[in-house]
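What's in my_file-v1.pdb: PDB, C-alpha atoms
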```pdb
ATOM      1  CA  MET A 594      -5.547 -11.289 -74.945
ATOM      2  CA  LYS A 595      -8.626  -9.717 -73.341
ATOM      3  CA  ILE A 596      -9.728 -13.098 -71.953
ATOM      4  CA  LEU A 597      -6.284 -13.653 -70.454
ATOM      5  CA  SER A 598      -6.506 -10.272 -68.684
ATOM      6  CA  ILE A 599      -9.937 -11.083 -67.262
ATOM      7  CA  VAL A 600      -8.804 -14.521 -66.066
ATOM      8  CA  SER A 601      -5.708 -12.979 -64.450
ATOM      9  CA  LEU A 602      -7.856 -10.371 -62.701
ATOM     10  CA  VAL A 603     -10.214 -13.054 -61.373
ATOM     11  CA  VAL A 604      -7.309 -15.168 -60.081
ATOM     12  CA  ILE A 605      -5.708 -12.193 -58.346
ATOM     13  CA  THR A 606      -9.035 -11.193 -56.772
ATOM     14  CA  PHE A 607      -9.662 -14.678 -55.364
ATOM     15  CA  THR A 608      -6.079 -14.908 -54.111
ATOM     16  CA  LEU A 609      -6.403 -11.615 -52.215
ATOM     17  CA  MET A 610      -9.768 -12.660 -50.770
ATOM     18  CA  ALA A 611      -8.293 -15.956 -49.580
ATOM     19  CA  CYS A 612      -5.392 -14.159 -47.868
ATOM     20  CA  LYS A 613      -7.742 -11.805 -46.041
ATOM     21  CA  THR A 614      -9.967 -14.689 -44.932
ATOM     22  CA  MET A 615      -7.011 -16.672 -43.625
ATOM     23  CA  THR A 616      -5.548 -13.775 -41.609
ATOM     24  CA  GLN A 617      -8.764 -12.964 -39.714
ATOM     25  CA  ALA A 618      -9.561 -15.939 -37.506
ATOM     26  CA  GLU A 619     -13.192 -16.399 -36.594
ATOM     27  CA  PRO A 620     -14.095 -16.138 -32.896
ATOM     28  CA  VAL A 621     -14.861 -19.443 -31.180
ATOM     29  CA  LYS A 622     -16.200 -20.349 -27.745
ATOM     30  CA  ALA A 623     -13.427 -21.237 -25.311
ATOM     31  CA  LEU A 624     -12.649 -22.716 -21.898
ATOM     32  CA  LEU A 625      -9.811 -21.870 -19.551
ATOM     33  CA  ILE A 626      -6.918 -24.285 -19.565
ATOM     34  CA  GLU A 627      -6.157 -23.346 -15.965
ATOM     35  CA  MET A 628      -7.645 -20.835 -13.512
ATOM     36  CA  ASN A 629      -4.384 -19.490 -12.134
ATOM     37  CA  GLU A 630      -3.643 -16.149 -10.477
ATOM     38  CA  THR A 631      -3.054 -14.380 -13.807
ATOM     39  CA  ALA A 632      -6.320 -15.656 -15.284
ATOM     40  CA  GLN A 633      -8.249 -14.729 -12.129
ATOM     41  CA  LEU A 634      -6.799 -11.201 -12.088
ATOM     42  CA  GLN A 635      -7.335 -10.578 -15.810
ATOM     43  CA  ILE A 636     -10.928 -11.824 -15.767
ATOM     44  CA  VAL A 637     -11.861  -9.887 -12.613
ATOM     45  CA  LYS A 638     -10.210  -6.755 -14.027
ATOM     46  CA  ALA A 639     -12.168  -7.041 -17.298
ATOM     47  CA  ILE A 640     -15.485  -7.641 -15.537
ATOM     48  CA  SER A 641     -14.874  -4.825 -13.046
ATOM     49  CA  THR A 642     -14.007  -2.457 -15.903
ATOM     50  CA  SER A 643     -17.190  -3.383 -17.758
ATOM     51  CA  MET A 644     -19.218  -2.756 -14.585
ATOM     52  CA  ASN A 645     -17.798   0.744 -14.011
ATOM     53  CA  GLY A 646     -15.192  -0.312 -11.453
ATOM     54  CA  LYS A 647     -17.430  -2.354  -9.173
ATOM     55  CA  SER A 648     -15.707  -4.976  -7.048
ATOM     56  CA  VAL A 649     -16.443  -8.493  -8.297
ATOM     57  CA  LYS A 650     -15.571 -12.041  -7.296
ATOM     58  CA  ILE A 651     -15.622 -15.095  -9.507
ATOM     59  CA  SER A 652     -15.374 -18.771  -8.720
ATOM     60  CA  ASP A 653     -12.197 -20.765  -9.335
ATOM     61  CA  ALA A 654     -14.391 -23.034 -11.489
ATOM     62  CA  SER A 655     -15.478 -20.174 -13.799
ATOM     63  CA  PHE A 656     -14.984 -21.002 -17.484
ATOM     64  CA  SER A 657     -13.774 -24.540 -16.717
ATOM     65  CA  SER A 658     -16.814 -26.367 -18.114
ATOM     66  CA  ASP A 659     -18.904 -23.602 -19.704
ATOM     67  CA  ASN A 660     -17.825 -20.513 -21.630
ATOM     68  CA  ARG A 661     -20.535 -18.298 -20.059
ATOM     69  CA  ILE A 662     -20.955 -16.751 -16.645
ATOM     70  CA  SER A 663     -23.463 -14.322 -15.170
ATOM     71  CA  VAL A 664     -22.308 -11.743 -12.662
ATOM     72  CA  ALA A 665     -24.749 -10.084 -10.279
ATOM     73  CA  THR A 666     -23.868  -7.096  -8.158
ATOM     74  CA  ASN A 667     -24.108  -7.315  -4.401
ATOM     75  CA  MET A 668     -27.433  -6.003  -3.294
ATOM     76  CA  THR A 669     -27.900  -3.761  -0.308
ATOM     77  CA  ALA A 670     -29.535  -5.966   2.289
ATOM     78  CA  THR A 671     -30.944  -5.820   5.765
ATOM     79  CA  PHE A 672     -29.319  -7.696   8.657
ATOM     80  CA  GLU A 673     -31.614 -10.637   7.859
ATOM     81  CA  GLY A 674     -30.256 -10.784   4.295
ATOM     82  CA  ASN A 675     -33.386  -9.449   2.604
ATOM     83  CA  PRO A 676     -32.979  -6.865  -0.157
ATOM     84  CA  ILE A 677     -33.800  -3.342   0.950
ATOM     85  CA  ASN A 678     -37.160  -2.331  -0.523
ATOM     86  CA  GLY A 679     -37.703  -6.008  -1.405
ATOM     87  CA  ARG A 680     -35.983  -5.976  -4.774
ATOM     88  CA  VAL A 681     -32.685  -6.116  -6.617
ATOM     89  CA  SER A 682     -32.204  -3.008  -8.726
ATOM     90  CA  GLU A 683     -29.604  -4.218 -11.250
ATOM     91  CA  LEU A 684     -29.791  -7.059 -13.731
ATOM     92  CA  PRO A 685     -26.932  -9.563 -13.889
ATOM     93  CA  GLN A 686     -24.299  -9.065 -16.574
ATOM     94  CA  HIS A 687     -23.335 -11.907 -18.916
ATOM     95  CA  TYR A 688     -19.876 -12.774 -20.203
ATOM     96  CA  GLN A 689     -18.475 -15.319 -22.645
ATOM     97  CA  LEU A 690     -14.913 -16.594 -22.867
ATOM     98  CA  MET A 691     -13.905 -16.553 -26.517
ATOM     99  CA  MET A 692     -10.833 -17.125 -28.686
ATOM    100  CA  ARG A 693      -9.713 -15.536 -31.914
ATOM    101  CA  GLY A 694      -6.577 -17.261 -33.138
ATOM    102  CA  ASN A 695      -4.491 -17.835 -29.995
ATOM    103  CA  ALA A 696      -5.865 -14.815 -28.124
ATOM    104  CA  CYS A 697      -8.372 -15.271 -25.305
ATOM    105  CA  TYR A 698     -10.860 -12.527 -24.628
ATOM    106  CA  LEU A 699     -13.950 -11.875 -22.567
ATOM    107  CA  LEU A 700     -17.076 -10.776 -24.428
ATOM    108  CA  HIS A 701     -19.539  -8.658 -22.425
ATOM    109  CA  GLU A 702     -22.837  -9.722 -23.991
ATOM    110  CA  GLU A 703     -24.843  -6.640 -23.067
ATOM    111  CA  THR A 704     -22.435  -4.208 -24.762
ATOM    112  CA  ALA A 705     -20.604  -6.536 -27.220
ATOM    113  CA  THR A 706     -17.348  -5.156 -25.797
ATOM    114  CA  GLU A 707     -14.293  -7.426 -25.991
ATOM    115  CA  TYR A 708     -11.619  -7.484 -23.268
ATOM    116  CA  ILE A 709      -8.325  -9.149 -24.241
ATOM    117  CA  LEU A 710      -7.019 -11.392 -21.447
ATOM    118  CA  GLU A 711      -3.226 -10.993 -21.492
ATOM    119  CA  GLY A 712      -1.273 -14.048 -20.328
ATOM    120  CA  VAL A 713      -4.378 -16.255 -20.124
ATOM    121  CA  SER A 714      -4.429 -19.656 -21.842
ATOM    122  CA  CYS A 715      -7.648 -21.100 -23.162
ATOM    123  CA  LYS A 716      -8.759 -23.796 -25.575
ATOM    124  CA  ALA A 717     -11.548 -23.970 -28.107
ATOM    125  CA  MET A 718     -14.695 -25.802 -27.058
TER     126      MET A 718
END
```
Before we go any further, please render this structure as structure tokens.
Amino acid sequence: MKILSIVSLVVITFTLMACKTMTQAEPVKALLIEMNETAQLQIVKAISTSMNGKSVKISDASFSSDNRISVATNMTATFEGNPINGRVSELPQHYQLMMRGNACYLLHEETATEYILEGVSCKAM
């Protein structure tokens, strides 16, 4: 009887572990299915939020062939286009397009912050 109880406990434990594992999908690298207006707005909004509200622009080709992009802030420049004081003061920020289940999100690499992209369709790489 004691062996039966132990076997039952082991089976229940493994069953519960399997359920938990199946419900939490692992994140995977992703690409955009289409860079439409919704995707553009959601991505720009997420990046701007992560950069404290700075205005950003991204290419229509972003996340179409690679899941990573780097975003640099506009530098203050002279009329000739040279950086004032000869240097750029901020490092570029890096982002990855990822999926968990069917949800697309943007991962800000420097802070490990995730931004869910509502209404955006992507596919696993």
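Residues matched by the PyMOL selection byres ((chain A and resi 717) around 12) in this file are Glu619, Pro620, Val621, Lys622, Ala623, Leu624, Leu625, Ile626, Phe656, Ser657, Ser658, Asp659, Asn660, Leu690, Met691, Met692, Arg693, Gly694, Asn695, Ala696, Cys697, Tyr698, Ser714, Cys715, Lys716 and Met718 of chain A.
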Excluding Gln633 of chain A and any residue of its chain fewer than 3 positions from it, enumerate the residues within 10 Å of it, using only C-alpha atoms, and give them as an MDAnalysis selection string. chainID A and resid 627:630 636:638 650:653 655 710 713
The residue from A:Gln689, A:Thr671, A:Thr631, A:Ser643 with the smallest atom-to-atom distance to Thr704 of chain A, counting all atoms listed in the file, is A:Ser643
In Å, how far is it from atom CA of Arg661 of chain A to atom CA of Asn675 of chain A? 27.5 Å
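Straight-line separation from atom CA of Tyr688 of chain A to atom CA of Ile662 of chain A: 5.4 Å.
Atom to atom, atom CA of Gln686 of chain A and atom CA of Ala618 of chain A stand 26.5 Å apart.
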Output as JSON the centre and edge lengths (Å, one decimal) of the box along x, y and z of the file that holds every listed atom of segment 618-623 of chain A after adding 8 Å on each side.
```
{"center_x": -12.9, "center_y": -18.6, "center_z": -31.4, "size_x": 22.6, "size_y": 21.3, "size_z": 28.2}
```
Around (-14.5, -3.8, -8.6) in the file's frame, which residues reach within 12 Å when counting all atoms listed in the file? Return as a JSON list (two decimals) with C-alpha atoms, in the coordinates of the input?
```
[["chain", "number", "residue", "atom", "x", "y", "z"],
["A", 634, "LEU", "CA", -6.80, -11.20, -12.09],
["A", 636, "ILE", "CA", -10.93, -11.82, -15.77],
["A", 637, "VAL", "CA", -11.86, -9.89, -12.61],
["A", 638, "LYS", "CA", -10.21, -6.76, -14.03],
["A", 639, "ALA", "CA", -12.17, -7.04, -17.30],
["A", 640, "ILE", "CA", -15.48, -7.64, -15.54],
["A", 641, "SER", "CA", -14.87, -4.82, -13.05],
["A", 642, "THR", "CA", -14.01, -2.46, -15.90],
["A", 643, "SER", "CA", -17.19, -3.38, -17.76],
["A", 644, "MET", "CA", -19.22, -2.76, -14.58],
["A", 645, "ASN", "CA", -17.80, 0.74, -14.01],
["A", 646, "GLY", "CA", -15.19, -0.31, -11.45],
["A", 647, "LYS", "CA", -17.43, -2.35, -9.17],
["A", 648, "SER", "CA", -15.71, -4.98, -7.05],
["A", 649, "VAL", "CA", -16.44, -8.49, -8.30],
["A", 650, "LYS", "CA", -15.57, -12.04, -7.30],
["A", 651, "ILE", "CA", -15.62, -15.10, -9.51],
["A", 664, "VAL", "CA", -22.31, -11.74, -12.66],
["A", 666, "THR", "CA", -23.87, -7.10, -8.16],
["A", 667, "ASN", "CA", -24.11, -7.32, -4.40]]
```
